[in-house]
Amino acid sequence: MPLSAPSAAATVVASGAASPRPNAIRTAAGLRFCGLRREALGLRSSPQAVAARRSVAAAATAGNGAAGSGGFDYDLLIIGAGVGGHGAALHAVEKGLKTAIIEGDVVGGTCVNRGCVPSKALLAVSGRMRELQDEHHMKSLGLQVSLPGYDRQAVADHANNLASKIRSNLTNSMKALGVDILTGIGTIVGKQKVRYGKVGFPDNEITARNIIIATGSIPFVPKGIEIDGKTVFTSDHALKLESVPDWIAIVGSGYIGLEFSDVYTALGSEVTFVEALDQLMPGFDPEIGKLAQRILINPRKIDYHTGVFASKITPAKDGKPVLIELIDAKTKEHKETLEVDAALIATGRAPFTKGLGLENINVVTQRGFVPVDDRMQVMDADGNVVPNLYCIGDANGKLMLAHAASAQGISVVEQISGRDNILNHLSIPAACFTHPEISMVGLTEPQAREKADKEGFEISVVKTSFKANTKALAENEGDGLAKMIYRPDTGEILGVHILGLHAADLIHEASNAIALGTRVQDIKFAVHAHPTLSEVLDELFKAAKVKAAGVSLSVNEPVAA
Amino acid sequence: MATAPAPFSLSASTVPARLRAAAVPAGTRGRQPRRGRMVVRAKIREIFMPALSSTMTEGKIVSWAASEGDRVNKGDAVVVVESDKADMDVETFHDGIVAAVLVPAGESAPVGAPIALLAESEEEVPLALAKAKELSNGQPQQAAAPAPAEDALATPPPPPTPAAAPAPVSAGTKGIASPQAKKLAKQHRVDLAKVTGTGPYGRITPEDVEAAAGIQPKPKPAAASPAVAAPSAAAVPQAAVLPPVPGATVVPFTTMQAAVSKNMVESLAVPAFRVGYPIVTDKLDELYEKVKPKGVTMTVLLAKAAAMALAQHPVVNASCRDGKSFTYNSNINIAVAVAIDGGLITPVLQDADKLDIYLLSQNWKDLVKKARAKQLQPNEYSSGTFTLSNLGMFGVDRFDAILPPGQGAIMAVGASKPTVVADKDGFFSVKSKMLVNVTADHRIVYGADLAAFLQTFAKIIEGPESLTL
């Protein structure tokens with residue numbers, strides 16, 4: 001949800017033929033799923049049909065593909081028009097597939113309507129508020145600002161307007177390419193067959209050669225928590241910013257919780273985090289997490305309870321505040337009852353896969369997630385691949401990020417167009433848009449160490465501070481750290497983590513390097529404009545020491561006079 | 001130069017002889033008419049912020065001695081108010097039940113604003129509570145009214161009383177503090193158990209902790225759009241504020257220090273001038289050695305001498321109140337500047353010309369004791385007609401005092417030092433000499449007046465037998 005990347009451009013798909021180092025990518029991608037790969041390869045759809053389609057694709061440069069051949073209404077039917085479905089649809093048209101997309105709610109899905117997009121609007125406001133309120137910061141820049149204030153409704157409108165704008169952009173882009181947008185709830189009724197229409201009136205039945213499930217997710221609300229949408233709510237309500245409570249408890253300190261803490265504290269609220277694990281921000285590299293706590297939590301109006309579950313949350317009513325009962329995460333003993341003005345439930349997201357008719361094709365969801373192999377092909381209850389059926393995005397739970405869904409969709413379209421493709425999830429960047437931002441790609445340091453121990457190689461870590469970066473100092477934003485974990489023997493980049501100004505924009509140089517298999521010893525010769533924040537990564541690359549023999553200096557070869 | 005000995009003006013007329021929280025039946029209060037008033041209003045009385053001194057424009061509630069629901073009797077102390085000069089117990093004029101506290105401890109209210117409601121009997125309590133709600137709703141407009149009249153240096157108008165405070169539904173959850181309140185409490189070492197929460201549901205807010213730590217809260221930017229313009233506009237008049245020094249610690253004024261600051265700035269409007277005079281003190285020192293065992297201090301001797309001189313020069317004991325006339329005081333009350341913890345106060349030796357030095361010494365001892373305990377009554381610190389400031393004990397040889405508003409003159413006394421003196425025959429001798437320096441309001445006191453007064457004063461000091469008469 002905090003990741004906005006409606007366009008798939010940022011995420012590079014490691015297509016086997018195009019990649020200069022296919023083996024490296026395959027190794028990374030196949031690590032977890034190598035057992036499934038051969039099976040998947042054995043069950044590929046008829047190569048002749050694919051070849052035929054490809055010849056069509058070559059002719060159809062733009063516009064939706066011709067009428068589906070072989071008696072199918074469409075070549076590709078996508079259920080769900082979120083960022084994942086949209087990315088897949090656009091790429092399918094490019095490949096000459098006749099494509100339709102079914103949307104039951106509004107185009108854009110969670111990211112555009114209830115997630116990353118409106119939250120970025122709120123964070124844009126909170127970033128500026130925070131800056132204007134920081135007298136010390138302003139003074140040191142020589143600026144004088146008297147009491148900054150804000151208009152809550154105008155802030156909320158900004159978020160809402162942005163969502164509408166992006167939504168219409170997405171809709172128009174699909175319409176312009178001729179993607180059929182079908183309205184209603186889609187249900188799979190049999191092999192390559194979907195019925196859709198309003199709830200309870202699935203009047204229309206269509207067939208498609210391939211089907212992609214891209215139904216996304218909804219906020220997960222644990223048992224015992226009563227949502228009223230006013231004082232106890234999820235991100236869906238919070239993004240409408242109908243109120244700015246004096247004191248809000250945020251249950252869950254992941255991306256969503258952290259971003260909202262940034263918004264609420266900048267707008268004047270006090271925040272209490274409730275985290276089930278023993279530390280805040282459990283998903284981050286520990287070093288980044290520690291620094292994030294020092295920058296994003298400790299100096300702000302935030303306190304926290306870790307190692308506790310919110311076992312019961314009662315909305316404010318009858319003159320009582322919101323009551324949150326905390327129990328110890330291990331012993332389950334009652335610890336404390338919090339009294340706050342509001343509670344935001346940010347405990348993660350649950351897949352939205354009910355009513356898909358998966359039972360009709362013998363597929364059993366796992367905690368709601370649709371099981372897939374590493375090519376996003378849906379697996380049935382017996383562990384066999386269901387032909388011509390794919391699932392991408394939050395609904396498969398592999399990596400619940402908008403741009404991951406889009407990348408998976410593009411990967412699927414590549415496959416059904418006849419080019420085998422496995423997406424390297426370790427090359428997908430993630431970002432948290434706090435002030436300053438946090439971003440990462442690949443493995444954390446403990447993960448990398450574990451892997452190194454298992455496979456018997458060494459790792460090295462290099463770090464640099466934003467205080468060493470001229471542009472960051474010019475902005476008076478020297479707080480931050482960037483670290484890279486790599487193999488000193490081969491120069492392979494295993495992971496990059498950044499906390500600092502515009503970290504979310506900086507990560508792509510690293511994620512692209514991982515996706516393309518670029519080695520540290522090569523990329524260190526790439527030039528970065530001075531003075532820019534990108535030099536933070538330049539520092540990392542230059543600081544890394546690689547023992548590899550036979551360094552390739554491809555970038556140094558003259559290209560043009 | 002930099003001393004600010006006596007910032008207090010006198011205005012006997014406005015100081016209540018007895019300190020009583022004027023609890024007036026709400027219905028009989030002529031000013032501040034209120035819409036939608038209750039019919040059965042005579043039984044509910046407002047306790048309002050008393051004027052504890054002539055310079056007081058607002059008072060801060062230090063603590064409530066009585067809490068909501070308590071029965072109080074006429075004369076009971078119900079609340080402790082911090083004025084610009086002292087912490088004062090405030091008594092009630094009427095019997096009754098404290099139905100609603102409108103201004104909780106730690107908050108301020110302008111003089112005359114209701115701070116609590118007193119119900120005559122149990123039955124009136126719900127009515128009083130309803131009225132409390134009505135009042136707190138109307139509070140913003142009311143609070144806004146006195147604000148423009150206030151000095152720009154005065155503290156910002158008190159925040160509107162939280163409407164929820166007296167609400168009967170809130171069970172009053174004890175001890176719950178918001179995240180920032182906890183952080184501040186740790187930072188300022190405030191014991192949260194001793195802080196009364198004023199936030200929603202009785203929660204301890206950061207403002208409560210700041211108040212408990214004696215910090216003036218920063219003006220909060222308003223959240224709602226229509227309100228934005230108002231607070232920012234109100235903040236602009238404080239334009240004289242210099243940019244803060246990076247890394248420096250900012251400690252806001254206490255109420256007393258704020259009053260000093262205000263008075264000092266006001267004094268700039270008075271055309272003051274200074275006249276110095278050297279006085280030989282050998283004989284005074286001799287006298288002092290004699291009367292010291294009887295509890296007489298040098299301060300009292302100097303005050304007595306000044307009072308005796310003032311009796312002969314009434315114009316130096318006068319004041320100029322409107323820029324057009326002399327106001328001759330009927331009494332000679334000598335205010336003496338005393339440094340106390342975190343400020344300065346001027347206990348007044350009343351009728352210093354009439355009482356003998358032994359009686360004055362007794363009075364002085366009591367006054368100092370009270371001053372240190374912050375228990376001086378307004379007439380004991382604001383009724384001075386002439387001020388004496390003595391820094392001689394620090395070895396200061398001469399200094400210049402600032403004239404406090406409402407007085408005609410102030411005397412700054414330096415240390416007495418052995419000095420080589422040549423007499424008219426050319427013989428040298430060593431005598432103890434001290435320099436006194438009087439600052440006076442030139443609108444009423446002229447150079448010759450002051451010189452004559454000083455000559456008289458010097459004569460009394462140099463022949464001090466009359467002091468013991």
# chains A, B, ... in the order shown; residues from 1 in each chain; ligands from 1
>>> interface_residues(of="chain A", to="chain B", cutoff="9 Å", atoms="only C-alpha atoms", output="compact mmCIF listing (two decimals) with all heavy atoms, in the first residue's frame")
# COMPACT_ATOMS: atom_id res chain seq x y z
N HIS A 136 13.69 25.21 14.21
CA HIS A 136 15.15 25.13 14.18
C HIS A 136 15.65 24.94 12.76
O HIS A 136 16.56 25.62 12.30
CB HIS A 136 15.61 23.99 15.08
CG HIS A 136 17.09 23.85 15.14
ND1 HIS A 136 17.89 24.80 15.72
CD2 HIS A 136 17.91 22.90 14.67
CE1 HIS A 136 19.14 24.42 15.61
NE2 HIS A 136 19.19 23.27 14.97
N LYS A 139 15.04 28.15 10.76
CA LYS A 139 15.98 29.20 11.14
C LYS A 139 17.36 28.94 10.56
O LYS A 139 18.04 29.86 10.10
CB LYS A 139 16.10 29.27 12.67
CG LYS A 139 14.82 29.72 13.33
CD LYS A 139 14.91 31.16 13.81
CE LYS A 139 13.54 31.72 14.08
NZ LYS A 139 12.84 30.97 15.13
N SER A 140 17.75 27.67 10.57
CA SER A 140 19.09 27.37 10.08
C SER A 140 19.18 27.56 8.58
O SER A 140 20.26 27.70 8.03
CB SER A 140 19.51 25.96 10.47
OG SER A 140 18.62 25.02 9.92
N SER A 146 5.67 32.07 10.44
CA SER A 146 4.85 32.18 11.64
C SER A 146 3.80 31.09 11.60
O SER A 146 3.32 30.72 10.53
CB SER A 146 4.21 33.55 11.74
OG SER A 146 3.40 33.76 10.62
N LEU A 147 3.51 30.61 12.77
CA LEU A 147 2.54 29.53 12.99
C LEU A 147 1.91 28.90 11.76
O LEU A 147 0.91 29.39 11.25
CB LEU A 147 1.41 30.07 13.87
CG LEU A 147 1.77 30.31 15.33
CD1 LEU A 147 0.54 30.73 16.11
CD2 LEU A 147 2.40 29.09 15.93
N PRO A 148 2.46 27.83 11.27
CA PRO A 148 1.80 27.18 10.14
C PRO A 148 0.52 26.48 10.59
O PRO A 148 0.46 25.95 11.69
CB PRO A 148 2.85 26.17 9.65
CG PRO A 148 3.73 25.93 10.82
CD PRO A 148 3.68 27.13 11.70
N GLY A 149 -0.48 26.51 9.76
CA GLY A 149 -1.73 25.82 10.07
C GLY A 149 -2.21 25.10 8.83
O GLY A 149 -1.60 25.20 7.78
N TYR A 150 -3.29 24.35 8.97
CA TYR A 150 -3.79 23.64 7.80
C TYR A 150 -5.30 23.54 7.86
O TYR A 150 -5.90 23.69 8.91
CB TYR A 150 -3.16 22.25 7.71
CG TYR A 150 -3.56 21.33 8.83
CD1 TYR A 150 -4.66 20.48 8.68
CD2 TYR A 150 -2.89 21.30 10.03
CE1 TYR A 150 -5.06 19.65 9.70
CE2 TYR A 150 -3.28 20.48 11.06
CZ TYR A 150 -4.37 19.65 10.89
OH TYR A 150 -4.76 18.83 11.90
N ASP A 151 -5.88 23.29 6.71
CA ASP A 151 -7.32 23.12 6.59
C ASP A 151 -7.56 21.64 6.32
O ASP A 151 -7.24 21.15 5.24
CB ASP A 151 -7.81 24.00 5.44
CG ASP A 151 -9.29 23.81 5.16
OD1 ASP A 151 -9.91 22.92 5.79
OD2 ASP A 151 -9.82 24.54 4.32
N ARG A 152 -8.11 20.95 7.31
CA ARG A 152 -8.24 19.50 7.18
C ARG A 152 -8.99 19.10 5.92
O ARG A 152 -8.58 18.21 5.18
CB ARG A 152 -8.95 18.92 8.41
CG ARG A 152 -9.07 17.40 8.37
CD ARG A 152 -10.15 16.89 9.31
NE ARG A 152 -11.42 17.52 9.09
CZ ARG A 152 -12.23 17.24 8.08
NH1 ARG A 152 -11.91 16.33 7.19
NH2 ARG A 152 -13.37 17.89 7.94
N GLN A 153 -10.11 19.79 5.66
CA GLN A 153 -10.92 19.39 4.52
C GLN A 153 -10.15 19.57 3.22
O GLN A 153 -10.22 18.73 2.32
CB GLN A 153 -12.23 20.20 4.50
CG GLN A 153 -13.25 19.68 3.50
CD GLN A 153 -13.56 18.18 3.70
OE1 GLN A 153 -13.86 17.75 4.81
NE2 GLN A 153 -13.42 17.39 2.64
N ALA A 154 -9.39 20.65 3.13
CA ALA A 154 -8.62 20.88 1.91
C ALA A 154 -7.55 19.81 1.72
O ALA A 154 -7.28 19.39 0.60
CB ALA A 154 -7.99 22.27 1.95
N VAL A 244 -8.89 14.63 12.62
CA VAL A 244 -7.51 14.50 13.10
C VAL A 244 -7.61 14.38 14.62
O VAL A 244 -7.76 15.38 15.31
CB VAL A 244 -6.64 15.71 12.70
CG1 VAL A 244 -5.24 15.56 13.28
CG2 VAL A 244 -6.57 15.84 11.19
N TRP A 247 -5.35 12.06 19.93
CA TRP A 247 -4.49 10.92 20.29
C TRP A 247 -5.00 9.71 19.55
O TRP A 247 -6.15 9.32 19.70
CB TRP A 247 -4.55 10.72 21.81
CG TRP A 247 -3.64 9.64 22.33
CD1 TRP A 247 -2.73 8.89 21.62
CD2 TRP A 247 -3.56 9.18 23.68
NE1 TRP A 247 -2.10 8.02 22.45
CE2 TRP A 247 -2.57 8.17 23.72
CE3 TRP A 247 -4.22 9.54 24.85
CZ2 TRP A 247 -2.24 7.50 24.89
CZ3 TRP A 247 -3.88 8.89 26.02
CH2 TRP A 247 -2.89 7.88 26.04
N LEU A 267 0.21 16.57 11.64
CA LEU A 267 -1.02 17.35 11.72
C LEU A 267 -1.41 17.63 13.17
O LEU A 267 -2.47 18.19 13.43
CB LEU A 267 -2.15 16.62 11.00
CG LEU A 267 -1.92 16.39 9.49
CD1 LEU A 267 -3.16 15.78 8.85
CD2 LEU A 267 -1.56 17.69 8.78
N GLY A 268 -0.58 17.22 14.13
CA GLY A 268 -0.83 17.62 15.52
C GLY A 268 -1.29 16.51 16.44
O GLY A 268 -1.47 16.75 17.63
N GLU A 270 -1.12 12.99 18.67
CA GLU A 270 -0.13 12.16 19.35
C GLU A 270 -0.45 10.71 19.01
O GLU A 270 -1.60 10.36 18.80
CB GLU A 270 -0.20 12.39 20.86
CG GLU A 270 0.20 13.80 21.24
CD GLU A 270 0.13 14.05 22.73
OE1 GLU A 270 0.59 13.19 23.49
OE2 GLU A 270 -0.41 15.09 23.11
N VAL A 271 0.58 9.89 18.95
CA VAL A 271 0.41 8.53 18.43
C VAL A 271 0.96 7.51 19.42
O VAL A 271 2.01 7.72 20.03
CB VAL A 271 1.12 8.38 17.07
CG1 VAL A 271 1.21 6.93 16.65
CG2 VAL A 271 0.41 9.20 16.00
N THR A 272 0.21 6.43 19.58
CA THR A 272 0.71 5.29 20.35
C THR A 272 0.71 4.07 19.43
O THR A 272 -0.33 3.72 18.88
CB THR A 272 -0.17 5.02 21.58
OG1 THR A 272 -0.09 6.14 22.46
CG2 THR A 272 0.28 3.77 22.30
N ARG A 300 9.42 12.36 18.09
CA ARG A 300 8.05 12.80 17.79
C ARG A 300 7.12 12.48 18.94
O ARG A 300 7.50 11.80 19.88
CB ARG A 300 7.58 12.12 16.50
CG ARG A 300 8.49 12.50 15.34
CD ARG A 300 7.99 11.97 14.03
NE ARG A 300 8.91 12.41 12.96
CZ ARG A 300 8.82 12.03 11.70
NH1 ARG A 300 7.85 11.21 11.33
NH2 ARG A 300 9.67 12.47 10.81
N LYS A 301 5.88 12.92 18.78
CA LYS A 301 4.91 12.71 19.85
C LYS A 301 4.36 11.29 19.76
O LYS A 301 3.17 11.08 19.51
CB LYS A 301 3.78 13.73 19.72
CG LYS A 301 4.25 15.15 19.88
CD LYS A 301 3.09 16.12 19.69
CE LYS A 301 3.54 17.52 20.01
NZ LYS A 301 2.44 18.48 19.82
N ILE A 302 5.25 10.34 19.91
CA ILE A 302 4.88 8.94 19.72
C ILE A 302 5.39 8.13 20.90
O ILE A 302 6.53 8.30 21.33
CB ILE A 302 5.50 8.39 18.42
CG1 ILE A 302 5.03 9.20 17.21
CG2 ILE A 302 5.16 6.92 18.24
CD1 ILE A 302 5.66 8.78 15.89
N ASP A 303 4.55 7.24 21.44
CA ASP A 303 5.07 6.21 22.32
C ASP A 303 4.59 4.87 21.79
O ASP A 303 3.86 4.81 20.81
CB ASP A 303 4.71 6.45 23.79
CG ASP A 303 3.24 6.27 24.07
OD1 ASP A 303 2.46 6.14 23.10
OD2 ASP A 303 2.84 6.24 25.24
N TYR A 304 5.00 3.78 22.41
CA TYR A 304 4.66 2.49 21.82
C TYR A 304 4.63 1.39 22.85
O TYR A 304 5.23 1.48 23.92
CB TYR A 304 5.64 2.13 20.70
CG TYR A 304 7.09 2.25 21.10
CD1 TYR A 304 7.76 1.18 21.70
CD2 TYR A 304 7.79 3.44 20.89
CE1 TYR A 304 9.07 1.29 22.08
CE2 TYR A 304 9.12 3.55 21.27
CZ TYR A 304 9.76 2.48 21.87
OH TYR A 304 11.06 2.59 22.26
N ASP A 318 -21.11 6.42 24.12
CA ASP A 318 -21.68 6.67 25.44
C ASP A 318 -20.71 7.48 26.32
O ASP A 318 -20.54 7.19 27.50
CB ASP A 318 -22.03 5.35 26.16
CG ASP A 318 -22.89 4.46 25.30
OD1 ASP A 318 -23.68 5.02 24.51
OD2 ASP A 318 -22.75 3.22 25.39
N GLY A 319 -20.07 8.45 25.72
CA GLY A 319 -19.19 9.31 26.52
C GLY A 319 -17.91 8.64 26.96
O GLY A 319 -17.23 9.13 27.85
N LYS A 320 -17.61 7.51 26.37
CA LYS A 320 -16.35 6.84 26.72
C LYS A 320 -15.40 6.92 25.54
O LYS A 320 -15.83 6.92 24.39
CB LYS A 320 -16.62 5.37 27.04
CG LYS A 320 -17.20 5.16 28.41
CD LYS A 320 -17.14 3.67 28.75
CE LYS A 320 -17.91 3.35 30.00
NZ LYS A 320 -18.76 2.17 29.82
N PRO A 321 -14.10 6.97 25.83
CA PRO A 321 -13.14 6.99 24.72
C PRO A 321 -13.00 5.61 24.08
O PRO A 321 -13.64 4.65 24.51
CB PRO A 321 -11.84 7.40 25.41
CG PRO A 321 -11.99 6.94 26.82
CD PRO A 321 -13.45 7.02 27.15
N LEU A 338 -5.72 0.80 27.09
CA LEU A 338 -5.44 2.15 26.62
C LEU A 338 -6.76 2.88 26.41
O LEU A 338 -7.75 2.28 26.00
CB LEU A 338 -4.68 2.13 25.30
CG LEU A 338 -3.30 1.46 25.26
CD1 LEU A 338 -2.74 1.57 23.84
CD2 LEU A 338 -2.36 2.13 26.24
N GLU A 339 -6.74 4.18 26.68
CA GLU A 339 -7.91 5.01 26.37
C GLU A 339 -7.44 6.09 25.41
O GLU A 339 -6.63 6.92 25.76
CB GLU A 339 -8.45 5.65 27.64
CG GLU A 339 -9.02 4.66 28.61
CD GLU A 339 -9.63 5.35 29.81
OE1 GLU A 339 -9.77 6.59 29.78
OE2 GLU A 339 -9.96 4.65 30.77
N VAL A 340 -7.92 6.04 24.20
CA VAL A 340 -7.45 6.99 23.19
C VAL A 340 -8.65 7.56 22.45
O VAL A 340 -9.79 7.16 22.69
CB VAL A 340 -6.49 6.32 22.19
CG1 VAL A 340 -5.19 5.92 22.86
CG2 VAL A 340 -7.14 5.11 21.56
N ASP A 341 -8.40 8.51 21.56
CA ASP A 341 -9.50 9.13 20.83
C ASP A 341 -9.84 8.38 19.56
O ASP A 341 -10.95 8.48 19.06
CB ASP A 341 -9.13 10.58 20.47
CG ASP A 341 -8.91 11.42 21.70
OD1 ASP A 341 -9.69 11.26 22.64
OD2 ASP A 341 -7.95 12.20 21.73
>>> residues_around(residues="range 409-426 of chain B", least_positions_apart="4", cutoff="8 Å", atoms="only C-alpha atoms", output="ChimeraX atom specification")
/B:281,316-317,386-404,430-441
>>> write_last_selection(atoms="C-alpha atoms", output="PDB file, in the first residue's frame")
ATOM      1  CA  THR B 281      27.804  57.253  57.690  1.00  0.00           C
ATOM      2  CA  VAL B 316       8.998  63.465  46.566  1.00  0.00           C
ATOM      3  CA  ASN B 317       6.371  61.258  48.193  1.00  0.00           C
ATOM      4  CA  PHE B 386       8.504  55.610  47.819  1.00  0.00           C
ATOM      5  CA  THR B 387      10.926  52.781  47.186  1.00  0.00           C
ATOM      6  CA  LEU B 388      14.247  51.996  48.741  1.00  0.00           C
ATOM      7  CA  SER B 389      16.684  49.646  47.075  1.00  0.00           C
ATOM      8  CA  ASN B 390      19.907  48.749  48.812  1.00  0.00           C
ATOM      9  CA  LEU B 391      22.705  46.830  47.162  1.00  0.00           C
ATOM     10  CA  GLY B 392      25.343  48.050  49.601  1.00  0.00           C
ATOM     11  CA  MET B 393      25.680  44.650  51.200  1.00  0.00           C
ATOM     12  CA  PHE B 394      27.119  43.345  47.937  1.00  0.00           C
ATOM     13  CA  GLY B 395      29.817  46.042  47.875  1.00  0.00           C
ATOM     14  CA  VAL B 396      28.084  47.966  45.095  1.00  0.00           C
ATOM     15  CA  ASP B 397      29.247  51.576  45.445  1.00  0.00           C
ATOM     16  CA  ARG B 398      26.569  53.194  43.330  1.00  0.00           C
ATOM     17  CA  PHE B 399      23.752  52.192  41.027  1.00  0.00           C
ATOM     18  CA  ASP B 400      20.784  53.531  39.243  1.00  0.00           C
ATOM     19  CA  ALA B 401      17.235  52.340  39.980  1.00  0.00           C
ATOM     20  CA  ILE B 402      14.311  52.341  37.608  1.00  0.00           C
ATOM     21  CA  LEU B 403      11.283  54.260  38.786  1.00  0.00           C
ATOM     22  CA  PRO B 404       8.354  51.921  39.334  1.00  0.00           C
ATOM     23  CA  VAL B 430      39.096  58.898  56.833  1.00  0.00           C
ATOM     24  CA  LYS B 431      35.333  58.735  56.970  1.00  0.00           C
ATOM     25  CA  SER B 432      32.820  56.140  55.855  1.00  0.00           C
ATOM     26  CA  LYS B 433      30.923  57.424  52.902  1.00  0.00           C
ATOM     27  CA  MET B 434      28.038  56.039  50.938  1.00  0.00           C
ATOM     28  CA  LEU B 435      26.512  57.188  47.699  1.00  0.00           C
ATOM     29  CA  VAL B 436      22.775  57.398  47.328  1.00  0.00           C
ATOM     30  CA  ASN B 437      21.174  57.964  43.993  1.00  0.00           C
ATOM     31  CA  VAL B 438      17.540  58.924  43.637  1.00  0.00           C
ATOM     32  CA  THR B 439      15.551  58.466  40.450  1.00  0.00           C
ATOM     33  CA  ALA B 440      12.472  60.662  40.225  1.00  0.00           C
ATOM     34  CA  ASP B 441       9.631  61.551  37.893  1.00  0.00           C
TER      35      ASP B 441
END
>>> atom_distance(atom1="CA of Ile459 in chain A", atom2="CA of Lys290 in chain A")
21.4 Å
>>> closest_residue(among="A:Ile78, A:Leu162, A:Val274, A:Leu90", to="Ala176 in chain A", atoms="only C-alpha atoms")
A:Leu90
>>> closest_residue(among="A:Gly368, A:Gly283, A:Gly254, A:Gly495", to="Lys463 in chain A", atoms="only C-alpha atoms")
A:Gly495
>>> atom_distance(atom1="CA of Gly307 in chain A", atom2="CA of Lys330 in chain A")
7.6 Å
>>> residues_around(residues="Leu399 in chain A", least_positions_apart="2", cutoff="12 Å", atoms="only C-alpha atoms", output="ChimeraX atom specification")
/A:1,3,84,216-217,349,351,369,374,376,392-397,401-408,423-430
>>> closest_residue(among="B:Pro314, B:Gly96, B:Gly175, B:Gly384", to="Asp208 in chain B", atoms="only C-alpha atoms")
B:Gly175
>>> atom_distance(atom1="CA of Asp353 in chain B", atom2="CA of Gly406 in chain B")
20.0 Å
>>> residues_around(residues="range 445-458 of chain B", least_positions_apart="3", cutoff="7 Å", atoms="only C-alpha atoms", output="MDAnalysis selection string")
chainID B and resid 277 279 305:306 309 313 315:316 440:442 461:462
